Amino acid sequence: MGGFNSRLASRLALGVSTLALMAIPGIAVAQDAATGNSGPSGSQQLPVDPAADQGDDIIVTGIRASLRASADIKRDSQGVVDAISAEDIGKFPDTNLAESLQRITGVSIDRSNGEGSLVTVRGFGPEFNLVTLNGRQMPTAFIGDGGSAPSSRSFDFANLASEGVAAVEVYKSGRATIESGGIGSTINIRSPRPFDRPGTRGSLSVKGVIDTSQRGKNDITPEVSGIFSTTLADDRIGIAIIGSYQKRKAGTNKGVVGWRDGYLGNENNWGSLSPGNPNVTNRPDPTDVYQVPQNASYEFNDIDRERINGQAILQFRPTDALTATIDYTYSRNSVETRNSNVGVWFNHGDTSSAWTDGPVAGPVFYTERFAVPDPGCAAPTTLPCNIGKDLSYSGSLTANRAENKSLGGNLVWKAPGGVTVTLDGHHSTAEVKPTNKYGSSMSVGTAIFGVQSQTINFDHDLPVISYTMAPGIDPLNAGLITPTGNAFRNAYFRDEINQVQLSGHYDHDGGLLDSLDFGVSYVENKVRSAFGTIQNDTWGGIGPASSVPDDMFTLATLPNLFPGLAQPGMAQKFYTFNFEKMADLLEGQFHACSQPRSGAQGVPGTCLAKFDTDRRITEKTLAPYLQVATKFDAFDNPAHFVAGLRYEVTDISSAAQIPLSLGTQWVSDNEFNVVQSKVDTTTTRFKGSYQNWLPSVDFDISPFDNVKLRASYSHTITRPGYDRMQGGQTIDTLFRVGGGTGTLGNPGLIPFKSKNIDLSAEWYYAPGSYVSVGYFHKNVANFISTTRVDTNAFGLRTPVGGPRYQAALNALGANATATQIRQYIFANYPQSSNQASGLIFALPEDPALNFQITTPVNSDQTASLHGWEFAVQHSFWDTGFGAILNYTIVDGSAKYDNTKPASFTQFALVGLSNSANAVAFFDKYGIQARVAYNWRDKFLNATGPNPTYTEAYGQVDASASYEFIKGFSVFAEGINLTGSSRREHQRSERNVTVVSPGYARYSFGVRASF
């Protein structure tokens, strides 16, 4: 650790959260002091105290000392700011930044693959929180499903290792000096600086990780991190080098159900419950809303992740008044996920079902029966005869690499007269692209044909999927597995931010005026997302079962994948396969990539689809600001009043290149696709602009000793997600009997805007102990909702209802099945169909194909959100024990009404939920230990025609360390010790979408520092 001057030890970064620090073992009090100087975007910087070289050094470490000092800082701070700081150089409290942030009151997280990924603050989801690095806006790196535009500006904290982070600051109330973009919060990640702690310091940590979610394995994966910082030439030159390497193996097992839109009980269209169906128990009433399943599967995912981070910082101080900093930050996060699943698909033909009472009726069970292969067929599982329904054995591969690069320069001049001028600029990029020859997200289907009936029972947390095969069909006979449809989705995403900030800070000596901040920021944000898909909708079979060797398949057992969730009656076993081997076989035998049925075009020698959709956004924002701080006495104690105003003007331009659609094909009973040109595209261009005045006011007063009252008012904004802003109409290539779907972006959207009130009271009743209560209210306007328009697109036609279709009905009768109609068209209209490939082509005389085009719009409705934050922090005298409790209550008017059908346009805030933390710790005799319980209530995580909710979730974590020799310590950590499971559903809790069992993750290691 080294010694630190007592003046340094007495102060921490402005606004460090006492609560957050208490949740972490070993947070150092000896953080560099906040002098009030504003750095980039007004974030509080931590320059070294000039008295650091004067001697009288003391060592202050541990949780108890941290709490005592940070309580003083919390009491003296202005506005609502929380933070987490590293205990020592290179020692951030958690291995994942998001997992640390959840310890702060009002902050909760979303997890991906068992790790904290995205942050929700005060009920506002990740897209409502702006993330900056050293006060600079950070680009994001998302691909999503590999075949669509990225949906969020949210920064994924999993991309950045915590070892290179000195502190994370969460600004909950708006400030004129801080970059806009976060209604929930602005989160500033602060990296170490050599001048923060003069001298030579270093740290090396080696860790092993065991993730028990691995399927059948317990591999120990390494994590290594190191940091070296030194100052030279009488502390005039500073150099810091930081590096980390992490390798992780994990797994997720899921029960997944896909649902059709929310229908009213009186509707009668494809997918809804037919009024004439006698096999419906407790049919939903005419005004009840219900959803029927579209597909369901059991799946498991094997995950390999590799993360490399590096930072280099060079500082130069030629004079006491001038400091120059150049920094470079690099992160690379490679994630490969292999998925295997067994699933069923519903055609909504001969069904039976049972339902709970309304107004939102949930399914008890849903069953569908199918025609079985003709007994007279010599080979019922070959292409000419496989008229039976299929049981899907599918596999997929998602493999992408995200790279973040940030090069920045900072020049600070302490001018005469108490003025500090800062010039800061950076060029930062985030880029995601695939790491193999197949694409970003790929799937290959195989199937056993001959399902006689299939059922999902929804009486348990995990939906029970079961099926019955036709006589003579063995679903575990590898020789009957037929290769079917496949898709190779290739995507590329790049976000580039160029930013320049000029700021000034004036300290006034005496009088009412305390300080003055002023400056201007210019941000240019360039976003590109491109994607293309090679797809073969050959769900009836791209070739016979004999085309795939039996030894390609491996038998897997299902119930053991769902500990504590498995139910009697569920499917017991299924076959898996190696994705690369299967993809290469399909290309070698059927030219699945080089000559796909969809007409798409790939890069020669690979399965990488050429980009047929390429969308670009350029967003430019100019923002001057002014902030005045005053200080005066009231009740014999200092009081503060800070007022600021930020003005922003933003211009947006969007260009989109989309594929040219040529026609449609009927490829199987209920599956159609759009044929798109291999080379021809069309381009659209749109523009938008908006401006905002963003005022902020902070006031605090101490009517009694040890009591602090605060009040804040501010305006904040959150800009629309990139997917909503990107121009260009895109239609989905796969459509159904009832029509197709598509999307259209809107670059003319204006930001969400919130008017915020914050009130709080704090009582510091003992050193290191306090009670606080806070109230916040946000009134939000300019909500972005979606509307769906029924329209034809690009003049496309559908064979359904056309002359050939009607001729088949006249000949076969009104109850003819889709299979019979297709066979009739093949036999009587060979010039407009291809029976060998199963294709029926749409003709100009066929009806226009209807598309439901979804587009985002700003709503004229407003919504309010309010909540309470409670925190208790207590140290039990000198015993070394302490505890902390916090609870956040969030409520709002923008809620989703589950009783409205999908055709009813709604808007709602995602992420609204109560949350709580309970932490117990011990810090004495070189031992630091912590047990933490984090809980989050149910919340809406996605909206649109149908909502999706994440159910309440609680997790227990624990950590401990022991310094056995000064500078050397051993440590261990356990995450999700009780294996808490996660579950999501739509309108009814029976409309389950995902159920995933939880697993514990353990780590252990050693750390040396000097």
# chains A, B, ... in the order shown; residues from 1 in each chain; ligands from 1

call {"tool": "residues_around", "arguments": {"residues": "Ala571 (chain A)", "least_positions_apart": "2", "cutoff": "10 Å", "atoms": "only C-alpha atoms", "output": "list in words"}}
result
Ser297, Tyr298, Val342, Gly343, Val464, Ile465, Ser466, Tyr467, Thr557, Leu558, Pro559, Ala566, Gln567, Pro568, Gly569, Lys573 and Phe574 of chain A

call {"tool": "write_last_selection", "arguments": {"atoms": "C-alpha atoms", "output": "mmCIF file, in the first residue's frame"}}
result
data_model
loop_
_atom_site.group_PDB
_atom_site.id
_atom_site.type_symbol
_atom_site.label_atom_id
_atom_site.label_comp_id
_atom_site.auth_asym_id
_atom_site.auth_seq_id
_atom_site.Cartn_x
_atom_site.Cartn_y
_atom_site.Cartn_z
ATOM 1 C CA SER A 297 -37.448 -25.750 -26.816
ATOM 2 C CA TYR A 298 -34.988 -26.994 -24.243
ATOM 3 C CA VAL A 342 -34.633 -29.828 -29.000
ATOM 4 C CA GLY A 343 -37.842 -28.072 -29.905
ATOM 5 C CA VAL A 464 -43.010 -29.340 -19.666
ATOM 6 C CA ILE A 465 -42.540 -30.125 -23.367
ATOM 7 C CA SER A 466 -43.617 -33.595 -24.457
ATOM 8 C CA TYR A 467 -44.418 -35.329 -27.742
ATOM 9 C CA THR A 557 -29.769 -36.179 -21.385
ATOM 10 C CA LEU A 558 -32.187 -33.359 -20.550
ATOM 11 C CA PRO A 559 -33.507 -33.484 -16.952
ATOM 12 C CA ALA A 566 -37.027 -30.725 -14.104
ATOM 13 C CA GLN A 567 -40.494 -32.299 -14.123
ATOM 14 C CA PRO A 568 -41.851 -35.769 -14.888
ATOM 15 C CA GLY A 569 -43.125 -36.101 -18.410
ATOM 16 C CA LYS A 573 -33.058 -37.083 -24.373
ATOM 17 C CA PHE A 574 -32.090 -35.504 -27.655
#

call {"tool": "residues_around", "arguments": {"residues": "Ala894 (chain A)", "least_positions_apart": "3", "cutoff": "10 Å", "atoms": "only C-alpha atoms", "output": "MDAnalysis selection string"}}
result
chainID A and resid 780 783 861:865 891 897 906:910 912

call {"tool": "atom_distance", "arguments": {"atom1": "CA of Thr420 (chain A)", "atom2": "CA of Val170 (chain A)"}}
result
24.2 Å

call {"tool": "closest_atom_pairs", "arguments": {"of": "region 693-747 of chain A", "to": "region 172-181 of chain A", "cutoff": "12 Å", "atoms": "only C-alpha atoms", "output": "tab-separated table"}}
result
residue	atom	partner	partner_atom	distance
A:Trp693	CA	A:Ala176	CA	9.9
A:Leu694	CA	A:Ala176	CA	7.0
A:Pro695	CA	A:Ala176	CA	6.7
A:Ser696	CA	A:Arg175	CA	5.6
A:Val697	CA	A:Arg175	CA	7.9
A:Asp698	CA	A:Arg175	CA	8.8
A:Phe699	CA	A:Ser173	CA	11.9
A:Arg710	CA	A:Ser173	CA	11.5
A:Ala711	CA	A:Ser173	CA	10.1
A:Ser712	CA	A:Ser173	CA	7.1
A:Tyr713	CA	A:Ser173	CA	7.7
A:Ser714	CA	A:Gly174	CA	5.3
A:His715	CA	A:Gly174	CA	6.6
A:Thr716	CA	A:Gly174	CA	6.2
A:Ile717	CA	A:Gly181	CA	5.3
A:Thr718	CA	A:Gly181	CA	4.4
A:Arg719	CA	A:Gly181	CA	6.1
A:Pro720	CA	A:Gly181	CA	9.6
A:Gly721	CA	A:Gly181	CA	11.1

call {"tool": "closest_residue", "arguments": {"among": "A:Asn295, A:Phe939, A:Trp666, A:Val642", "to": "Phe826 (chain A)", "atoms": "only C-alpha atoms"}}
result
A:Trp666

call {"tool": "atom_distance", "arguments": {"atom1": "CA of Gly417 (chain A)", "atom2": "CA of Asp76 (chain A)"}}
result
25.3 Å

call {"tool": "closest_residue", "arguments": {"among": "A:Ser521, A:Asn779, A:Ser988, A:Thr683", "to": "Phe752 (chain A)", "atoms": "only C-alpha atoms"}}
result
A:Asn779

call {"tool": "closest_residue", "arguments": {"among": "A:Asn404, A:Thr337, A:Thr664, A:Ser529", "to": "Gly740 (chain A)", "atoms": "only C-alpha atoms"}}
result
A:Thr664

call {"tool": "residues_around", "arguments": {"residues": "region 726-732 of chain A", "least_positions_apart": "4", "cutoff": "6 Å", "atoms": "only C-alpha atoms", "output": "number ranges by chain"}}
result
A: 654, 656, 684, 741-747

call {"tool": "write_last_selection", "arguments": {"atoms": "C-alpha atoms", "output": "compact mmCIF listing (two decimals), in the first residue's frame"}}
result
# COMPACT_ATOMS: atom_id res chain seq x y z
CA SER A 654 -29.11 8.77 -41.35
CA ALA A 656 -29.62 3.22 -45.05
CA THR A 684 -32.81 6.03 -48.20
CA THR A 741 -43.50 -8.21 -40.71
CA GLY A 742 -40.94 -5.43 -40.96
CA THR A 743 -39.50 -2.33 -39.35
CA LEU A 744 -38.89 1.30 -40.28
CA GLY A 745 -36.59 3.59 -38.27
CA ASN A 746 -37.17 7.26 -37.49
CA PRO A 747 -34.16 9.64 -37.33

call {"tool": "atom_distance", "arguments": {"atom1": "CA of Pro126 (chain A)", "atom2": "CA of Gly425 (chain A)"}}
result
25.5 Å

call {"tool": "residues_around", "arguments": {"residues": "Thr899 (chain A)", "least_positions_apart": "6", "cutoff": "7 Å", "atoms": "only C-alpha atoms", "output": "list in words"}}
result
Val289, Pro359 and Val360 of chain A

call {"tool": "write_last_selection", "arguments": {"atoms": "N, CA and C atoms", "output": "mmCIF file, in the first residue's frame"}}
result
data_model
loop_
_atom_site.group_PDB
_atom_site.id
_atom_site.type_symbol
_atom_site.label_atom_id
_atom_site.label_comp_id
_atom_site.auth_asym_id
_atom_site.auth_seq_id
_atom_site.Cartn_x
_atom_site.Cartn_y
_atom_site.Cartn_z
ATOM 1 N N VAL A 289 -57.720 -11.297 -22.737
ATOM 2 C CA VAL A 289 -56.520 -11.336 -23.577
ATOM 3 C C VAL A 289 -55.757 -12.620 -23.262
ATOM 4 N N PRO A 359 -58.894 -11.485 -16.502
ATOM 5 C CA PRO A 359 -58.895 -10.883 -17.843
ATOM 6 C C PRO A 359 -57.666 -11.197 -18.685
ATOM 7 N N VAL A 360 -56.568 -11.678 -18.042
ATOM 8 C CA VAL A 360 -55.432 -12.198 -18.799
ATOM 9 C C VAL A 360 -55.414 -13.699 -18.585
#

call {"tool": "closest_residue", "arguments": {"among": "A:Thr948, A:Thr538, A:Ser961, A:Asn477", "to": "Arg930 (chain A)", "atoms": "only C-alpha atoms"}}
result
A:Ser961

call {"tool": "closest_residue", "arguments": {"among": "A:Gln831, A:Asn976, A:Ser754, A:Ser191", "to": "Pro997 (chain A)", "atoms": "only C-alpha atoms"}}
result
A:Asn976

call {"tool": "residues_around", "arguments": {"residues": "region 580-582 of chain A", "least_positions_apart": "6", "cutoff": "12 Å", "atoms": "only C-alpha atoms", "output": "PDB file with N, CA and C atoms, in the first residue's frame"}}
result
ATOM      1  N   ARG A 338     -21.978 -21.876 -27.999  1.00  0.00           N
ATOM      2  CA  ARG A 338     -22.484 -23.009 -28.780  1.00  0.00           C
ATOM      3  C   ARG A 338     -23.797 -23.481 -28.171  1.00  0.00           C
ATOM      4  N   SER A 394     -31.711 -28.877 -33.157  1.00  0.00           N
ATOM      5  CA  SER A 394     -31.005 -27.758 -33.783  1.00  0.00           C
ATOM      6  C   SER A 394     -29.733 -27.410 -33.033  1.00  0.00           C
ATOM      7  N   GLY A 395     -28.849 -26.740 -33.730  1.00  0.00           N
ATOM      8  CA  GLY A 395     -27.621 -26.257 -33.133  1.00  0.00           C
ATOM      9  C   GLY A 395     -27.274 -24.894 -33.690  1.00  0.00           C
ATOM     10  N   SER A 396     -26.608 -24.087 -32.897  1.00  0.00           N
ATOM     11  CA  SER A 396     -26.228 -22.759 -33.363  1.00  0.00           C
ATOM     12  C   SER A 396     -24.879 -22.370 -32.774  1.00  0.00           C
ATOM     13  N   LEU A 397     -24.295 -21.381 -33.402  1.00  0.00           N
ATOM     14  CA  LEU A 397     -23.007 -20.857 -32.963  1.00  0.00           C
ATOM     15  C   LEU A 397     -23.055 -19.348 -33.046  1.00  0.00           C
ATOM     16  N   THR A 398     -22.721 -18.696 -31.955  1.00  0.00           N
ATOM     17  CA  THR A 398     -22.572 -17.236 -31.920  1.00  0.00           C
ATOM     18  C   THR A 398     -21.147 -16.939 -31.500  1.00  0.00           C
ATOM     19  N   ASN A 436     -15.193 -16.059 -37.095  1.00  0.00           N
ATOM     20  CA  ASN A 436     -15.065 -17.311 -37.835  1.00  0.00           C
ATOM     21  C   ASN A 436     -15.575 -17.115 -39.260  1.00  0.00           C
ATOM     22  N   LYS A 437     -15.558 -18.169 -40.036  1.00  0.00           N
ATOM     23  CA  LYS A 437     -15.928 -18.090 -41.452  1.00  0.00           C
ATOM     24  C   LYS A 437     -17.426 -18.278 -41.684  1.00  0.00           C
ATOM     25  N   TYR A 438     -18.196 -18.424 -40.609  1.00  0.00           N
ATOM     26  CA  TYR A 438     -19.620 -18.681 -40.751  1.00  0.00           C
ATOM     27  C   TYR A 438     -20.472 -17.431 -40.511  1.00  0.00           C
ATOM     28  N   GLY A 439     -20.033 -16.539 -39.649  1.00  0.00           N
ATOM     29  CA  GLY A 439     -20.813 -15.343 -39.387  1.00  0.00           C
ATOM     30  C   GLY A 439     -20.862 -15.004 -37.912  1.00  0.00           C
ATOM     31  N   MET A 442     -25.300 -18.053 -36.136  1.00  0.00           N
ATOM     32  CA  MET A 442     -25.709 -19.036 -37.140  1.00  0.00           C
ATOM     33  C   MET A 442     -26.502 -20.167 -36.501  1.00  0.00           C
ATOM     34  N   SER A 443     -27.389 -20.746 -37.260  1.00  0.00           N
ATOM     35  CA  SER A 443     -28.157 -21.879 -36.757  1.00  0.00           C
ATOM     36  C   SER A 443     -28.363 -22.891 -37.877  1.00  0.00           C
ATOM     37  N   VAL A 444     -28.339 -24.154 -37.511  1.00  0.00           N
ATOM     38  CA  VAL A 444     -28.559 -25.258 -38.442  1.00  0.00           C
ATOM     39  C   VAL A 444     -29.596 -26.183 -37.823  1.00  0.00           C
ATOM     40  N   GLY A 445     -30.609 -26.497 -38.598  1.00  0.00           N
ATOM     41  CA  GLY A 445     -31.661 -27.356 -38.099  1.00  0.00           C
ATOM     42  C   GLY A 445     -31.575 -28.769 -38.657  1.00  0.00           C
ATOM     43  N   THR A 446     -31.880 -29.735 -37.802  1.00  0.00           N
ATOM     44  CA  THR A 446     -32.126 -31.107 -38.228  1.00  0.00           C
ATOM     45  C   THR A 446     -33.412 -31.549 -37.543  1.00  0.00           C
ATOM     46  N   THR A 482     -32.993 -35.847 -40.286  1.00  0.00           N
ATOM     47  CA  THR A 482     -32.918 -35.186 -41.592  1.00  0.00           C
ATOM     48  C   THR A 482     -32.401 -33.763 -41.443  1.00  0.00           C
ATOM     49  N   PRO A 483     -31.441 -33.318 -42.261  1.00  0.00           N
ATOM     50  CA  PRO A 483     -31.033 -31.909 -42.232  1.00  0.00           C
ATOM     51  C   PRO A 483     -32.128 -31.037 -42.830  1.00  0.00           C
ATOM     52  N   THR A 484     -32.424 -29.919 -42.183  1.00  0.00           N
ATOM     53  CA  THR A 484     -33.530 -29.067 -42.644  1.00  0.00           C
ATOM     54  C   THR A 484     -33.029 -27.649 -42.930  1.00  0.00           C
ATOM     55  N   ASN A 486     -31.566 -23.693 -42.391  1.00  0.00           N
ATOM     56  CA  ASN A 486     -30.388 -23.132 -41.744  1.00  0.00           C
ATOM     57  C   ASN A 486     -30.276 -21.647 -42.074  1.00  0.00           C
ATOM     58  N   PHE A 488     -27.258 -18.329 -41.802  1.00  0.00           N
ATOM     59  CA  PHE A 488     -25.935 -17.821 -41.464  1.00  0.00           C
ATOM     60  C   PHE A 488     -26.024 -16.295 -41.458  1.00  0.00           C
ATOM     61  N   SER A 547     -28.034 -38.467 -45.856  1.00  0.00           N
ATOM     62  CA  SER A 547     -26.948 -37.569 -46.243  1.00  0.00           C
ATOM     63  C   SER A 547     -26.059 -37.200 -45.060  1.00  0.00           C
ATOM     64  N   VAL A 548     -26.509 -37.493 -43.836  1.00  0.00           N
ATOM     65  CA  VAL A 548     -25.733 -37.156 -42.640  1.00  0.00           C
ATOM     66  C   VAL A 548     -25.331 -38.452 -41.939  1.00  0.00           C
ATOM     67  N   PRO A 549     -24.034 -38.695 -41.731  1.00  0.00           N
ATOM     68  CA  PRO A 549     -23.610 -39.908 -41.033  1.00  0.00           C
ATOM     69  C   PRO A 549     -24.157 -39.957 -39.610  1.00  0.00           C
ATOM     70  N   ASP A 550     -24.508 -41.159 -39.163  1.00  0.00           N
ATOM     71  CA  ASP A 550     -25.060 -41.304 -37.822  1.00  0.00           C
ATOM     72  C   ASP A 550     -24.090 -40.857 -36.740  1.00  0.00           C
ATOM     73  N   ASP A 551     -22.787 -41.045 -36.985  1.00  0.00           N
ATOM     74  CA  ASP A 551     -21.828 -40.693 -35.938  1.00  0.00           C
ATOM     75  C   ASP A 551     -21.616 -39.178 -35.822  1.00  0.00           C
ATOM     76  N   MET A 552     -22.346 -38.410 -36.619  1.00  0.00           N
ATOM     77  CA  MET A 552     -22.322 -36.958 -36.476  1.00  0.00           C
ATOM     78  C   MET A 552     -23.037 -36.522 -35.195  1.00  0.00           C
ATOM     79  N   PHE A 553     -23.893 -37.399 -34.673  1.00  0.00           N
ATOM     80  CA  PHE A 553     -24.773 -37.020 -33.567  1.00  0.00           C
ATOM     81  C   PHE A 553     -24.327 -37.647 -32.251  1.00  0.00           C
ATOM     82  N   GLY A 588     -20.793 -28.778 -48.467  1.00  0.00           N
ATOM     83  CA  GLY A 588     -20.197 -29.726 -49.389  1.00  0.00           C
ATOM     84  C   GLY A 588     -21.207 -30.494 -50.212  1.00  0.00           C
ATOM     85  N   GLN A 589     -22.332 -30.885 -49.582  1.00  0.00           N
ATOM     86  CA  GLN A 589     -23.322 -31.699 -50.281  1.00  0.00           C
ATOM     87  C   GLN A 589     -24.410 -30.887 -50.969  1.00  0.00           C
ATOM     88  N   PHE A 590     -24.827 -29.772 -50.352  1.00  0.00           N
ATOM     89  CA  PHE A 590     -26.001 -29.048 -50.862  1.00  0.00           C
ATOM     90  C   PHE A 590     -25.705 -27.580 -51.182  1.00  0.00           C
ATOM     91  N   ALA A 592     -25.102 -25.090 -49.295  1.00  0.00           N
ATOM     92  CA  ALA A 592     -25.979 -24.275 -48.459  1.00  0.00           C
ATOM     93  C   ALA A 592     -25.517 -22.824 -48.373  1.00  0.00           C
ATOM     94  N   THR A 606     -16.472 -18.945 -47.957  1.00  0.00           N
ATOM     95  CA  THR A 606     -16.952 -18.882 -46.578  1.00  0.00           C
ATOM     96  C   THR A 606     -18.476 -18.959 -46.561  1.00  0.00           C
ATOM     97  N   CYS A 607     -19.020 -18.983 -45.349  1.00  0.00           N
ATOM     98  CA  CYS A 607     -20.458 -18.833 -45.163  1.00  0.00           C
ATOM     99  C   CYS A 607     -20.805 -17.444 -44.650  1.00  0.00           C
TER     100      CYS A 607
END

call {"tool": "closest_residue", "arguments": {"among": "A:Trp868, A:Tyr962, A:Phe142, A:Phe346", "to": "Gly926 (chain A)", "atoms": "only C-alpha atoms"}}
result
A:Tyr962

call {"tool": "select_by_dssp", "arguments": {"residues": "region 489-590 of chain A", "states": "alpha helix (DSSP H)", "output": "ChimeraX atom specification"}}
result
/A:579-590

call {"tool": "residues_around", "arguments": {"residues": "region 617-619 of chain A", "least_positions_apart": "6", "cutoff": "10 Å", "atoms": "only C-alpha atoms", "output": "ChimeraX atom specification"}}
result
/A:495-497,523-529,650-656,685-689,722,725-727,747
